[in-house]
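Everything on this sheet refers to the single structure shown next.
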Amino acid sequence: MKKTSTNVLPAEGGLGDEPLLAVDDLHVEFHTRAGTVRAVNGVSYTVGPGETLAVLGESGSGKSVTAQAIMGILDMPPAVIPKGQIRFRGTDLLKLSEEARTQVRGQRIAMIFQDALSALNPVFTVGWQISEMFRVHRGMSKSDAMKKAVELMDRVRIPAARQRVNDYPHQFSGGMRQRIMIAMSIALDPEVLIADEPTTALDVTVQAQIMELLAELQRESQMGLILITHDLGVVADVADKIAVMYAGRIVEQAPVYDIYKAPAHPYTKGLLDSIPRVDQKGQDLYAIKGLPPNLLDLPTGCSFHPRCPYRQDNCVTDVPPLYEISGTRGSACHYWREVLDGDQQ
Ligand SMILES: Nc1ncnc2c1ncn2[C@@H]1O[C@H](COP(=O)(O)OP(=O)(O)OP(=O)(O)O)[C@@H](O)[C@H]1O
Ligand SMILES: [Mg+2]
C-alpha cells in the first residue's frame, strides 16, 4: 500500500458517527522464505468508549497480529499490510507518520501483554518503572512521578502500595505483577486499552480478580477495551460483544448474550461446546475435530470447511461473506440459519 504519511493527530472530543476505534478490512501478511503467511485476511471490528469487545479464537487465528497492527508494533518487513484501515477517532493510523504514531502508541492506545514477569525489568523497583511513564511522557519530577505511581498502585488495588512501591518485581505474586502491568498501561489515561490474554498465566481465582479490575477501571475511565482471549468462559461477564476469529477472519460477531444463547457459526458452536459446564458434570468435553488451517496455504472457500459438520459443496468453493443476521450480528457461514436453529446434519 502506498503511504502518504501525515502528522495530524486524531482529534479529541466528540466522535459524531465515527467509532472510537475501527479496524476495517485489515489484511496482514508475513513474507517468509517458506512463502506468504496470510495471518489477517479482512478483519473488521469496532470498539466504542466504555465498550468491551472480546476477540476470541484458537492459537494462530490472528488475534495478536491484529492488535500489533493497531499498536503499530509489527516488524515491517517481514509484515506487510496490503489492504485495510485502522481508524482511531476517524484518522487512519496506517497513514500517520512514525512521529505522530508514537504520540498515539502507549498514550492514547495502550496494550497489556500476556507475560507480566518478562515484561517488567527485574533490576528496577516497580515504583520506578511505573513512575517512568510520568517522567518520560509528562516531564514530571522524580518525586511527583513517584507519588503518581503510588496512586496508580492503589488504583489497581495493590495492598500497602506506599510500602511496596520500592519493592522489585520478583517480590510480587503473578497476579500482583499483572496489576503492575495494568497500572503502567493505564498510567497515561488511554482512550483504548488492548489486553492480550492478560490472565492466561494466572490461576482461575486470580483471573477473575484481574477481569473484575479491568471492568472497574473501564467503568471509571470509559476506555474502549479490546480483550483478547482463547477462553470463551472468561469473557461472559465482562464483554459487551464478541468477535470470533478463525484463520485471520472474523467468522462471527455478536453481542455476548446472543452468542451464548445460540451461536450462528459452527466454529463458535464448537468453542462453546468445549467449555466445561457445572451442569453437565461427568460428560466428555467436545473438542473441535481436525487441525487449525495452514496459513501458508489456506483452504479454498470457507477456511473452516475441512473441520465443519455443516459442510456442503459450496463451502469448498465459495468464501462466505459476513452475512448480516441482525443489525448487531453477523456470521460468515453459508448455513448460519441451520447452525442457529441447531439442526445439525
Ligand atoms: N513475524 C512473523 N513471521 C511469520 N509468521 C508470523 C509472524 N508473526 C506471527 N505470525 C503468524 O501469524 C499467525 C497469527 O498469529 P497470532 O500471534 O496473531 O495468533 P493468535 O491468534 O494471537 O494466537 P495465540 O492464541 O497463540 O496468541 C500465526 O500463524 C503466526 O505464526
Ligand atoms: Mg496471541
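In the C-alpha cells, the first chain shown is A, the next is B, and so on; residue numbers restart at 1 for each chain, and ligands run from 1 in the order shown.
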Problem set entry | Within 9 Å of ligand 2, counting only C-alpha atoms and all ligand atoms, residues as a ChimeraX atom specification | /A:58-65,67,114,196-197,228-230
Shell of 10 Å around ligand 1 (only C-alpha atoms and all ligand atoms), written as a compact mmCIF listing (two decimals) with N, CA and C atoms, in the first residue's frame:
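Everything below was put into out37.txt:
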# COMPACT_ATOMS: atom_id res chain seq x y z
N VAL A 28 -3.06 -8.58 6.90
CA VAL A 28 -1.64 -8.59 7.27
C VAL A 28 -1.01 -9.88 6.76
N GLU A 29 0.09 -9.73 6.05
CA GLU A 29 0.82 -10.92 5.55
C GLU A 29 2.24 -10.87 6.08
N PHE A 30 2.85 -12.05 6.23
CA PHE A 30 4.28 -12.11 6.53
C PHE A 30 4.96 -12.76 5.34
N HIS A 31 5.91 -12.07 4.76
CA HIS A 31 6.63 -12.65 3.64
C HIS A 31 7.84 -13.40 4.18
N THR A 32 7.75 -14.71 4.16
CA THR A 32 8.81 -15.55 4.74
C THR A 32 9.43 -16.41 3.63
N ARG A 33 10.52 -17.07 3.98
CA ARG A 33 11.17 -17.95 2.99
C ARG A 33 10.25 -19.07 2.55
N ALA A 34 9.43 -19.53 3.49
CA ALA A 34 8.54 -20.65 3.16
C ALA A 34 7.35 -20.20 2.31
N GLY A 35 7.14 -18.89 2.20
CA GLY A 35 6.02 -18.39 1.42
C GLY A 35 5.32 -17.26 2.16
N THR A 36 4.12 -16.90 1.69
CA THR A 36 3.38 -15.81 2.31
C THR A 36 2.42 -16.35 3.37
N VAL A 37 2.64 -15.94 4.62
CA VAL A 37 1.74 -16.35 5.71
C VAL A 37 0.60 -15.32 5.76
N ARG A 38 -0.61 -15.78 5.47
CA ARG A 38 -1.75 -14.85 5.50
C ARG A 38 -2.38 -14.87 6.89
N ALA A 39 -1.87 -14.02 7.75
CA ALA A 39 -2.25 -14.06 9.17
C ALA A 39 -3.57 -13.35 9.42
N VAL A 40 -3.82 -12.25 8.72
CA VAL A 40 -5.08 -11.49 8.91
C VAL A 40 -5.67 -11.25 7.52
N VAL A 55 -12.13 -10.51 21.69
CA VAL A 55 -11.71 -11.15 20.44
C VAL A 55 -11.25 -12.56 20.79
N LEU A 56 -11.91 -13.51 20.17
CA LEU A 56 -11.76 -14.90 20.56
C LEU A 56 -11.31 -15.75 19.39
N GLY A 57 -10.60 -16.83 19.67
CA GLY A 57 -10.21 -17.71 18.57
C GLY A 57 -9.01 -18.52 19.00
N GLU A 58 -8.82 -19.68 18.37
CA GLU A 58 -7.74 -20.55 18.83
C GLU A 58 -6.37 -19.99 18.43
N SER A 59 -5.33 -20.63 18.93
CA SER A 59 -3.97 -20.18 18.69
C SER A 59 -3.69 -20.03 17.19
N GLY A 60 -3.09 -18.93 16.80
CA GLY A 60 -2.73 -18.72 15.40
C GLY A 60 -3.82 -18.11 14.55
N SER A 61 -4.96 -17.70 15.16
CA SER A 61 -6.06 -17.18 14.35
C SER A 61 -5.87 -15.71 13.97
N GLY A 62 -4.84 -15.06 14.49
CA GLY A 62 -4.56 -13.69 14.07
C GLY A 62 -4.98 -12.62 15.07
N LYS A 63 -5.32 -13.03 16.27
CA LYS A 63 -5.77 -12.07 17.29
C LYS A 63 -4.67 -11.08 17.64
N SER A 64 -3.49 -11.61 17.95
CA SER A 64 -2.39 -10.73 18.38
C SER A 64 -1.84 -9.91 17.23
N VAL A 65 -1.76 -10.51 16.04
CA VAL A 65 -1.22 -9.76 14.90
C VAL A 65 -2.13 -8.55 14.61
N THR A 66 -3.44 -8.74 14.72
CA THR A 66 -4.36 -7.60 14.54
C THR A 66 -4.07 -6.52 15.59
N ALA A 67 -3.88 -6.95 16.85
CA ALA A 67 -3.59 -5.99 17.92
C ALA A 67 -2.26 -5.28 17.68
N GLN A 68 -1.27 -6.03 17.22
CA GLN A 68 0.04 -5.42 16.96
C GLN A 68 -0.04 -4.42 15.81
N ALA A 69 -0.92 -4.70 14.86
CA ALA A 69 -1.12 -3.74 13.76
C ALA A 69 -1.75 -2.46 14.31
N LEU A 74 4.25 -4.01 14.63
CA LEU A 74 4.65 -5.13 13.76
C LEU A 74 5.98 -4.78 13.10
N ASP A 75 6.84 -5.76 12.98
CA ASP A 75 8.07 -5.52 12.23
C ASP A 75 7.75 -5.58 10.75
N MET A 76 7.95 -4.48 10.06
CA MET A 76 7.65 -4.41 8.63
C MET A 76 8.93 -4.10 7.85
N PRO A 77 9.53 -4.97 7.04
CA PRO A 77 9.18 -6.38 6.92
C PRO A 77 9.61 -7.18 8.17
N PRO A 78 9.19 -8.45 8.26
CA PRO A 78 8.51 -9.28 7.25
C PRO A 78 7.01 -8.97 7.10
N ALA A 79 6.41 -8.22 8.04
CA ALA A 79 4.97 -7.99 7.90
C ALA A 79 4.70 -6.95 6.81
N GLN A 114 0.75 -10.47 27.72
CA GLN A 114 0.42 -11.68 28.46
C GLN A 114 1.36 -11.97 29.63
N ASP A 196 -4.06 -8.34 25.79
CA ASP A 196 -3.83 -9.56 25.02
C ASP A 196 -3.61 -10.72 25.98
N GLU A 197 -4.62 -11.54 26.16
CA GLU A 197 -4.55 -12.69 27.07
C GLU A 197 -3.97 -12.27 28.42
N ILE A 228 -8.43 -9.80 24.37
CA ILE A 228 -8.10 -10.94 23.51
C ILE A 228 -7.97 -12.18 24.37
N THR A 229 -8.60 -13.25 23.96
CA THR A 229 -8.53 -14.47 24.76
C THR A 229 -8.88 -15.67 23.89
N HIS A 230 -8.45 -16.87 24.30
CA HIS A 230 -8.99 -18.01 23.58
C HIS A 230 -9.99 -18.76 24.47
N ASP A 231 -10.38 -18.10 25.55
CA ASP A 231 -11.23 -18.75 26.53
C ASP A 231 -12.60 -18.07 26.61
N MET A 245 -12.56 -15.17 15.79
CA MET A 245 -11.66 -15.23 14.63
C MET A 245 -11.28 -16.66 14.30
N TYR A 246 -11.17 -16.90 13.00
CA TYR A 246 -10.67 -18.20 12.54
C TYR A 246 -9.85 -17.94 11.28
N ALA A 247 -8.61 -18.41 11.25
CA ALA A 247 -7.73 -18.26 10.08
C ALA A 247 -7.69 -16.81 9.59
N GLY A 248 -7.57 -15.88 10.53
CA GLY A 248 -7.39 -14.49 10.14
C GLY A 248 -8.63 -13.78 9.67
N PRO A 292 -5.96 -26.88 13.02
CA PRO A 292 -6.08 -25.49 12.55
C PRO A 292 -5.51 -25.37 11.14
N PRO A 293 -5.98 -24.41 10.36
CA PRO A 293 -5.55 -24.31 8.96
C PRO A 293 -4.10 -23.88 8.82
N ASN A 294 -3.50 -24.24 7.70
CA ASN A 294 -2.16 -23.80 7.37
C ASN A 294 -2.27 -22.44 6.68
N LEU A 295 -1.72 -21.41 7.34
CA LEU A 295 -1.87 -20.04 6.83
C LEU A 295 -1.02 -19.79 5.58
N LEU A 296 -0.11 -20.72 5.29
CA LEU A 296 0.68 -20.61 4.05
C LEU A 296 -0.14 -21.09 2.86
For this session: For A:Leu322, work out the shell of residues within 10 Å, counting only C-alpha atoms and skipping chain neighbours fewer than 6 positions away, then give it as a PyMOL selection string.
Result: chain A and resi 249-253+329-334
Problem set entry | Pairwise distance for atom CA of A:Thr91 and atom CA of A:Gln218, rounded to one decimal in Å |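 If I compute the distance from atom CA of A:Thr91 to atom CA of A:Gln218, I get 23.2 Å.
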For this session: Might you pull out every residue within 9 Å of A:Pro263, with only C-alpha atoms counted and same-chain residues fewer than 6 positions away left off, and present them as a PyMOL selection string?
Result: chain A and resi 252+269+272+336+339-340+342
For this session: Just the residues within 12 Å of A:Pro122, please, counting only C-alpha atoms, with nothing from its chain fewer than 2 positions along; format it as a list in words.
Result: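 Contacts, with the query itself left out: Ala116, Leu117, Ser118, Ala119, Leu120, Phe124, Thr125, Val126, Trp128, Gln129, Asp167, Tyr168, Pro169, His170, Gln171, Phe172 and Arg177 of chain A.
With only C-alpha atoms as the atoms that count, the residue of A:Leu298, A:Val238, A:Leu227, A:Val244 with the shortest distance to A:Leu53 is A:Leu227.
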For this session: Can you list, as a PyMOL selection string, all residues belonging to stretch 78-260 of chain A that DSSP tags as strand (DSSP E or B)?
Result: chain A and resi 79-88+91-92+96+105+109-112+192-196+224-229+241-246+249-255
Report as CSV: every residue of stretch 19-79 of chain A with an atom at most 10 Å from stretch 103-107 of chain A, its closest pair of atoms, and their distance in Å to one decimal, counting only C-alpha atoms, with rows sorted by chain and ascending residue number.
residue,atom,partner,partner_atom,distance
A:Ile70,CA,A:Arg105,CA,9.0
A:Met71,CA,A:Arg105,CA,6.0
A:Gly72,CA,A:Arg105,CA,7.5
A:Ile73,CA,A:Arg105,CA,8.9
With N, CA and C atoms retained, export the selected residues as a PDB file, in the first residue's frame.
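So result-v2.pdb came out as:
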ATOM      1  N   ILE A  70      -2.702  -2.590  15.229  1.00  0.00           N
ATOM      2  CA  ILE A  70      -3.338  -1.410  15.821  1.00  0.00           C
ATOM      3  C   ILE A  70      -2.296  -0.577  16.570  1.00  0.00           C
ATOM      4  N   MET A  71      -1.435  -1.270  17.323  1.00  0.00           N
ATOM      5  CA  MET A  71      -0.416  -0.574  18.106  1.00  0.00           C
ATOM      6  C   MET A  71       0.720  -0.038  17.233  1.00  0.00           C
ATOM      7  N   GLY A  72       0.836  -0.570  16.022  1.00  0.00           N
ATOM      8  CA  GLY A  72       1.953  -0.163  15.172  1.00  0.00           C
ATOM      9  C   GLY A  72       3.263  -0.740  15.651  1.00  0.00           C
ATOM     10  N   ILE A  73       3.236  -1.993  16.114  1.00  0.00           N
ATOM     11  CA  ILE A  73       4.470  -2.613  16.610  1.00  0.00           C
ATOM     12  C   ILE A  73       4.843  -3.863  15.811  1.00  0.00           C
TER      13      ILE A  73
END
For this session: Give me, please, the distance in Å between atom CA of A:Asp154 and atom CA of A:Ala187, quoted to one decimal.
Result: 12.2 Å
Problem set entry | Separation of atom CA of A:Gln178 from atom CA of A:Pro198 in Å |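 Value for the atom CA of A:Pro198-atom CA of A:Gln178 distance: 7.5 Å.
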For this session: Please return as an MDAnalysis selection string: the residues of stretch 174-297 of chain A that backbone DSSP assigns to alpha helix (DSSP H).
Result: chainID A and resid 174:186 204:221 232:235 256:261 266:273
Exercise. Do you know which residues are at most 12 Å from A:Tyr310 counting only C-alpha atoms, after dropping those on the same chain fewer than 3 positions away, and could you put them as a list in words?
Worked result: Ala264, His265, Pro266, Tyr267, Lys269, Gly270, Cys302, Phe304, His305, Pro306, Arg307, Asp313, Asn314, Cys315, Val316, Cys333, His334, Tyr335, Trp336, Arg337, Glu338, Val339, Leu340, Gly342, Asp343, Gln344 and Gln345 of chain A
For this session: Find the spatial neighbours of A:Glu216, counting only C-alpha atoms, within a cut-off of 10 Å - ignore same-chain residues fewer than 4 positions away - and output them as a PyMOL selection string.
Result: chain A and resi 155-156+210-212+220-222+238
